[in-house]
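Beneath this line is the structure, given in structure tokens, with notes to follow.
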Amino acid sequence: MMPFVSGDRIHLVNKKGRTYRLHLQEGAVFQFSGETIAHDDIIGLSDGSEIALSRGTRFFALKPTLAEYTLHMKRGAQILYPKDLALMPMWADVYPGATVIEAGIGSGALTIPLLNAVGEKGHLISYEIREDFAGRAIKNIEAYFSPSPLNDRLTVHQQSIYDGILEEEVDRIVLDLPEPHLVVPHAVEKLRSGGIFLCFLPTVPQIEKVVLALQESKVFESIETFETMLRPWNIDGRSVRPSLRMVAHSGFITTARKVERLIRAQVPEAPSSDLDV
Ligand SMILES: C[S@@+](CC[C@H](N)C(=O)[O-])C[C@H]1O[C@@H](n2cnc3c(N)ncnc32)[C@H](O)[C@@H]1O
């Protein structure tokens with residue numbers, strides 16, 4: 001059981017699926033269409049409890065999921081959406097204990113799932129050029145994690161990643177910024193062999209540049225680009241069909257694997273064949 005405590009931010013969801021956000025505070029009162037409930041009557045209940053307002057209207061009291069938290073947190077820069085956030089740690093293969101470079105931190109929407117993926121023993125280093133965005137992101141991250149991961153397993157460098165990566169032998173590089181092709185030379189130097197480079201880009205000309213840079217570097221293999229589409233469905237009695245509206249485009253994900261090639265002197269001589277002329 002995870003009882004609600006004063007200070008929690010929770011969601012009240014009615015039977016129509018409408019959500020009302022609530023910051024629980026001792027002594028405060030929630031009002032809805034002339035009905036009320038004291039926050040004190042919600043504090044101490046477990047996540048998922050049903051509550052009744054003064055004239056009987058019912059809601060479920062729920063802790064927001066990470067996807068809900070992300071969509072509602074305050075933004076500095078444009079955030080990545082849960083559809084892509086769900087995929088990026090998987091396709092970058094971010095694992096517990098990994099050392100991961102991120103840029104830019106933006107509003108911190110990608111930083112949170114990356115921190116979840118590296119776990120308590122991993123380290124996430126985020127580069128961000130804008131002080132105001134870094135400040136906003138840190139507030140969002142600290143409102144999500146307790147204790148704060150900052151200066152423990154999260155380091156924020158306020159500098160351009162295009163100028164270089166300070167860390168050595170990093171396991172993963174995950175980018176959401178306009179010119180990831182400018183990071184490729186630094187990835188060549190600082191990503192460990194077998195490490196993964198991943199970037200998210202909204203347009204095709206940007207992908208062309210980054211893929212060319214990866215190919216020309218000669219140290220990246222398995223270069224792949226894909227996009228995903230999330231199509232919600234309407235399931236209501238006999239009306240079972242795709243929703244009439246969907247977000248048709250967010251961006252493309254490109255991944256590549258760093259390799260170490262045999263140098264020519266290490267390549268064994270090919271056995272001579274009778275067919276050779
Ligand atoms: C689209 S936002 C990232 C949003 C973030 N992934 C999120 O979901 O909250 C792009 C960020 O990259 C930062 N940025 C742009 N160029 C950069 C650079 N050269 N080095 C570091 N950060 C940079 C921008 O200031 C901005 O915060």
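Chain labels follow the order of the structure tokens: the first chain is A, the next B, and so on; residue numbering restarts at 1 in every chain, and ligands are counted from 1 in their shown order.
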
Distance query region 150-163 of chain A at most 7 Å, only C-alpha atoms, self and fewer than 3 positions along chain excluded, as a ChimeraX atom specification = /A:103,122-131,182-183

Can I get the selection written as a PDB file, in the first residue's frame, with N, CA and C atoms?
ATOM      1  N   ALA A 103      22.007  15.108 -24.424  1.00  0.00           N
ATOM      2  CA  ALA A 103      21.999  16.540 -24.771  1.00  0.00           C
ATOM      3  C   ALA A 103      20.830  16.794 -25.700  1.00  0.00           C
ATOM      4  N   GLY A 122      24.218   3.817 -11.943  1.00  0.00           N
ATOM      5  CA  GLY A 122      24.621   4.406 -13.218  1.00  0.00           C
ATOM      6  C   GLY A 122      24.894   5.894 -13.066  1.00  0.00           C
ATOM      7  N   HIS A 123      25.278   6.515 -14.190  1.00  0.00           N
ATOM      8  CA  HIS A 123      25.579   7.948 -14.166  1.00  0.00           C
ATOM      9  C   HIS A 123      25.087   8.575 -15.470  1.00  0.00           C
ATOM     10  N   LEU A 124      24.294   9.620 -15.334  1.00  0.00           N
ATOM     11  CA  LEU A 124      23.809  10.349 -16.508  1.00  0.00           C
ATOM     12  C   LEU A 124      24.449  11.731 -16.494  1.00  0.00           C
ATOM     13  N   ILE A 125      25.071  12.079 -17.619  1.00  0.00           N
ATOM     14  CA  ILE A 125      25.703  13.401 -17.736  1.00  0.00           C
ATOM     15  C   ILE A 125      24.970  14.136 -18.844  1.00  0.00           C
ATOM     16  N   SER A 126      24.372  15.271 -18.483  1.00  0.00           N
ATOM     17  CA  SER A 126      23.549  15.981 -19.454  1.00  0.00           C
ATOM     18  C   SER A 126      24.183  17.317 -19.812  1.00  0.00           C
ATOM     19  N   TYR A 127      24.276  17.605 -21.121  1.00  0.00           N
ATOM     20  CA  TYR A 127      24.812  18.874 -21.606  1.00  0.00           C
ATOM     21  C   TYR A 127      23.645  19.748 -22.039  1.00  0.00           C
ATOM     22  N   GLU A 128      23.682  21.032 -21.634  1.00  0.00           N
ATOM     23  CA  GLU A 128      22.602  21.960 -22.012  1.00  0.00           C
ATOM     24  C   GLU A 128      23.210  23.358 -22.121  1.00  0.00           C
ATOM     25  N   ILE A 129      22.915  24.046 -23.242  1.00  0.00           N
ATOM     26  CA  ILE A 129      23.516  25.377 -23.403  1.00  0.00           C
ATOM     27  C   ILE A 129      22.749  26.457 -22.646  1.00  0.00           C
ATOM     28  N   ARG A 130      21.448  26.240 -22.415  1.00  0.00           N
ATOM     29  CA  ARG A 130      20.651  27.332 -21.806  1.00  0.00           C
ATOM     30  C   ARG A 130      20.485  27.114 -20.310  1.00  0.00           C
ATOM     31  N   GLU A 131      20.947  28.108 -19.561  1.00  0.00           N
ATOM     32  CA  GLU A 131      20.879  28.031 -18.097  1.00  0.00           C
ATOM     33  C   GLU A 131      19.434  27.932 -17.628  1.00  0.00           C
ATOM     34  N   LEU A 182      27.026  17.182 -35.567  1.00  0.00           N
ATOM     35  CA  LEU A 182      28.199  17.871 -35.009  1.00  0.00           C
ATOM     36  C   LEU A 182      28.744  17.152 -33.773  1.00  0.00           C
ATOM     37  N   VAL A 183      27.975  16.198 -33.258  1.00  0.00           N
ATOM     38  CA  VAL A 183      28.419  15.439 -32.076  1.00  0.00           C
ATOM     39  C   VAL A 183      29.149  14.154 -32.507  1.00  0.00           C
TER      40      VAL A 183
END

Could you name the residues that touch region 244-258 of chain A at 10 Å or less, counting only C-alpha atoms, but leaving out those on the same chain fewer than 5 positions away, as a ChimeraX atom specification?
-> /A:80-81,83-84,87-88,91-92,171-176,187-188,191-204,206-207,210-211,214-215,217-234

Output as a ChimeraX atom specification all residues of region 60-121 of chain A that backbone DSSP marks as strand (DSSP E or B).
-> /A:60-62,99-103

Output file for the selection above: N, CA and C atoms, as a PDB file, in the first residue's frame:
ATOM      1  N   PHE A  60     -11.808   8.275  -8.695  1.00  0.00           N
ATOM      2  CA  PHE A  60     -10.683   7.462  -8.246  1.00  0.00           C
ATOM      3  C   PHE A  60      -9.504   8.403  -7.996  1.00  0.00           C
ATOM      4  N   ALA A  61      -8.818   8.185  -6.880  1.00  0.00           N
ATOM      5  CA  ALA A  61      -7.632   8.993  -6.542  1.00  0.00           C
ATOM      6  C   ALA A  61      -6.398   8.191  -6.949  1.00  0.00           C
ATOM      7  N   LEU A  62      -5.600   8.766  -7.863  1.00  0.00           N
ATOM      8  CA  LEU A  62      -4.478   8.016  -8.453  1.00  0.00           C
ATOM      9  C   LEU A  62      -3.197   8.844  -8.464  1.00  0.00           C
ATOM     10  N   THR A  99      27.054   4.455 -18.054  1.00  0.00           N
ATOM     11  CA  THR A  99      27.388   5.888 -18.084  1.00  0.00           C
ATOM     12  C   THR A  99      26.845   6.428 -19.403  1.00  0.00           C
ATOM     13  N   VAL A 100      25.919   7.370 -19.293  1.00  0.00           N
ATOM     14  CA  VAL A 100      25.182   7.848 -20.474  1.00  0.00           C
ATOM     15  C   VAL A 100      25.339   9.360 -20.598  1.00  0.00           C
ATOM     16  N   ILE A 101      25.568   9.812 -21.831  1.00  0.00           N
ATOM     17  CA  ILE A 101      25.599  11.250 -22.127  1.00  0.00           C
ATOM     18  C   ILE A 101      24.282  11.619 -22.785  1.00  0.00           C
ATOM     19  N   GLU A 102      23.671  12.711 -22.309  1.00  0.00           N
ATOM     20  CA  GLU A 102      22.436  13.226 -22.910  1.00  0.00           C
ATOM     21  C   GLU A 102      22.655  14.677 -23.326  1.00  0.00           C
ATOM     22  N   ALA A 103      22.007  15.108 -24.424  1.00  0.00           N
ATOM     23  CA  ALA A 103      21.999  16.540 -24.771  1.00  0.00           C
ATOM     24  C   ALA A 103      20.830  16.794 -25.700  1.00  0.00           C
TER      25      ALA A 103
END

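With only C-alpha atoms as the basis for measurement, A:Glu189 is the residue among A:Ile105, A:Val5, A:Ile141, A:Glu189 that approaches Val259 (chain A) most closely.
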
Would you list the contacts of Phe59 (chain A) as an MDAnalysis selection string, taking every protein, DNA or RNA residue within 6 Å and counting only C-alpha atoms, but skipping same-chain residues closer than 5 positions in sequence?
-> chainID A and resid 12:14 50:51

Residue set, region 53-229 of chain A restricted to helix (DSSP H, G or I), as JSON, numbers by chain | {"A": [66, 67, 68, 69, 70, 71, 72, 82, 83, 84, 85, 86, 87, 88, 89, 90, 91, 111, 112, 113, 114, 115, 116, 117, 118, 131, 132, 133, 134, 135, 136, 137, 138, 139, 140, 141, 142, 143, 144, 161, 162, 163, 180, 181, 182, 184, 185, 186, 187, 188, 189, 190, 204, 205, 206, 207, 208, 209, 210, 211, 212, 213, 214, 215, 216, 217]}

Save the residues we just selected, C-alpha atoms, as a compact mmCIF listing (two decimals), in the first residue's frame?
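The resulting selection.txt:
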# COMPACT_ATOMS: atom_id res chain seq x y z
CA LEU A 66 5.44 9.00 -15.45
CA ALA A 67 3.72 9.64 -18.80
CA GLU A 68 1.09 11.81 -17.07
CA TYR A 69 3.73 13.57 -14.97
CA THR A 70 5.75 14.33 -18.11
CA LEU A 71 2.81 15.77 -20.01
CA HIS A 72 1.84 18.06 -17.13
CA PRO A 82 5.77 9.39 -24.00
CA LYS A 83 5.49 7.53 -27.32
CA ASP A 84 9.15 8.33 -28.09
CA LEU A 85 10.34 8.44 -24.47
CA ALA A 86 9.22 4.83 -24.10
CA LEU A 87 11.37 3.77 -27.03
CA MET A 88 14.56 5.74 -26.62
CA PRO A 89 16.02 4.04 -23.50
CA MET A 90 15.24 0.65 -25.10
CA TRP A 91 16.78 1.38 -28.51
CA THR A 111 16.33 12.72 -18.40
CA ILE A 112 13.83 11.05 -16.03
CA PRO A 113 13.42 7.76 -17.97
CA LEU A 114 17.18 7.72 -18.64
CA LEU A 115 17.82 8.05 -14.88
CA ASN A 116 15.32 5.25 -14.25
CA ALA A 117 17.17 3.09 -16.78
CA VAL A 118 20.72 3.70 -15.45
CA GLU A 131 20.88 28.03 -18.10
CA ASP A 132 17.12 28.71 -17.85
CA PHE A 133 16.25 25.35 -19.46
CA ALA A 134 18.74 23.50 -17.24
CA GLY A 135 17.17 25.18 -14.17
CA ARG A 136 13.64 24.24 -15.24
CA ALA A 137 14.70 20.66 -16.00
CA ILE A 138 16.38 20.25 -12.61
CA LYS A 139 13.19 21.47 -10.87
CA ASN A 140 11.12 18.91 -12.82
CA ILE A 141 13.61 16.12 -12.05
CA GLU A 142 13.80 17.00 -8.36
CA ALA A 143 9.99 17.09 -8.11
CA TYR A 144 9.95 13.53 -9.47
CA ILE A 161 28.08 19.40 -26.62
CA TYR A 162 29.16 20.53 -30.10
CA ASP A 163 32.40 21.72 -28.42
CA PRO A 180 23.57 15.80 -33.82
CA HIS A 181 25.93 15.37 -36.81
CA LEU A 182 28.20 17.87 -35.01
CA VAL A 184 29.54 12.49 -34.22
CA PRO A 185 33.31 13.40 -34.13
CA HIS A 186 33.08 13.56 -30.29
CA ALA A 187 31.22 10.24 -30.20
CA VAL A 188 34.02 8.70 -32.28
CA GLU A 189 36.48 9.79 -29.60
CA LYS A 190 34.50 9.27 -26.39
CA VAL A 204 14.54 14.27 -43.03
CA PRO A 205 17.38 16.71 -43.97
CA GLN A 206 18.64 16.45 -40.38
CA ILE A 207 18.66 12.64 -40.60
CA GLU A 208 20.57 12.72 -43.88
CA LYS A 209 23.32 14.80 -42.27
CA VAL A 210 23.69 12.63 -39.18
CA VAL A 211 23.61 9.34 -41.09
CA LEU A 212 26.26 10.64 -43.53
CA ALA A 213 28.46 11.76 -40.63
CA LEU A 214 28.09 8.32 -38.98
CA GLN A 215 28.91 6.51 -42.24
CA GLU A 216 31.90 8.73 -43.05
CA SER A 217 33.36 8.28 -39.56

Residue nearest Pro64 (chain A) - candidates A:Leu166, A:Ile10, A:Met1, A:Val29, atoms counted: only C-alpha atoms =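 Going through A:Leu166, A:Ile10, A:Met1, A:Val29 one by one, the smallest distance to Pro64 (chain A) is for A:Ile10.
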
Considering only C-alpha atoms and all ligand atoms, state which residue in the set A:Pro268, A:Gly164, A:Gly106, A:Pro147 is at the smallest distance from ligand 1.
->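 For ligand 1, the nearest of the given residues is A:Gly106.
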
Looking at only C-alpha atoms, which of A:Asp93, A:Glu120, A:Glu260, A:Asp40 is the one that sits closest to Ala28 (chain A)?
->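 Answer, going by the shortest atom-to-atom distance: A:Asp40.
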
Residues at most 10 Å from Gln78 (chain A), counting only C-alpha atoms, excluding those fewer than 5 positions away in the same chain, as a list in words?
->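 Counting only C-alpha atoms, the residues come to Gly106, Ser107, Gly108 and Ala109 of chain A.
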
Go through A:Gly56, A:Gly7, A:Gly44, A:Gly76 and flag the residue nearest ligand 1, using only C-alpha atoms and all ligand atoms for the distances.
->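 Of the candidates, the smallest distance to ligand 1 is held by A:Gly76.
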
What is the distance, in Å and to one decimal place, between CA of Arg58 (chain A) and CA of Phe32 (chain A)?
->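 These atoms are spaced 11.0 Å apart.
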
Find the residue from A:Lys121, A:Arg55, A:Lys74, A:Arg238 that sits nearest to ligand 1; use only C-alpha atoms and all ligand atoms when measuring.
->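 For ligand 1, the nearest of the candidates is A:Lys74.
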
Tell me which protein, DNA and RNA residues are within 7 Å of Asp47 (chain A), counting only C-alpha atoms, leaving out same-chain ones fewer than 2 positions away, and put them as a ChimeraX atom specification.
-> /A:2-4,45,49,61-63
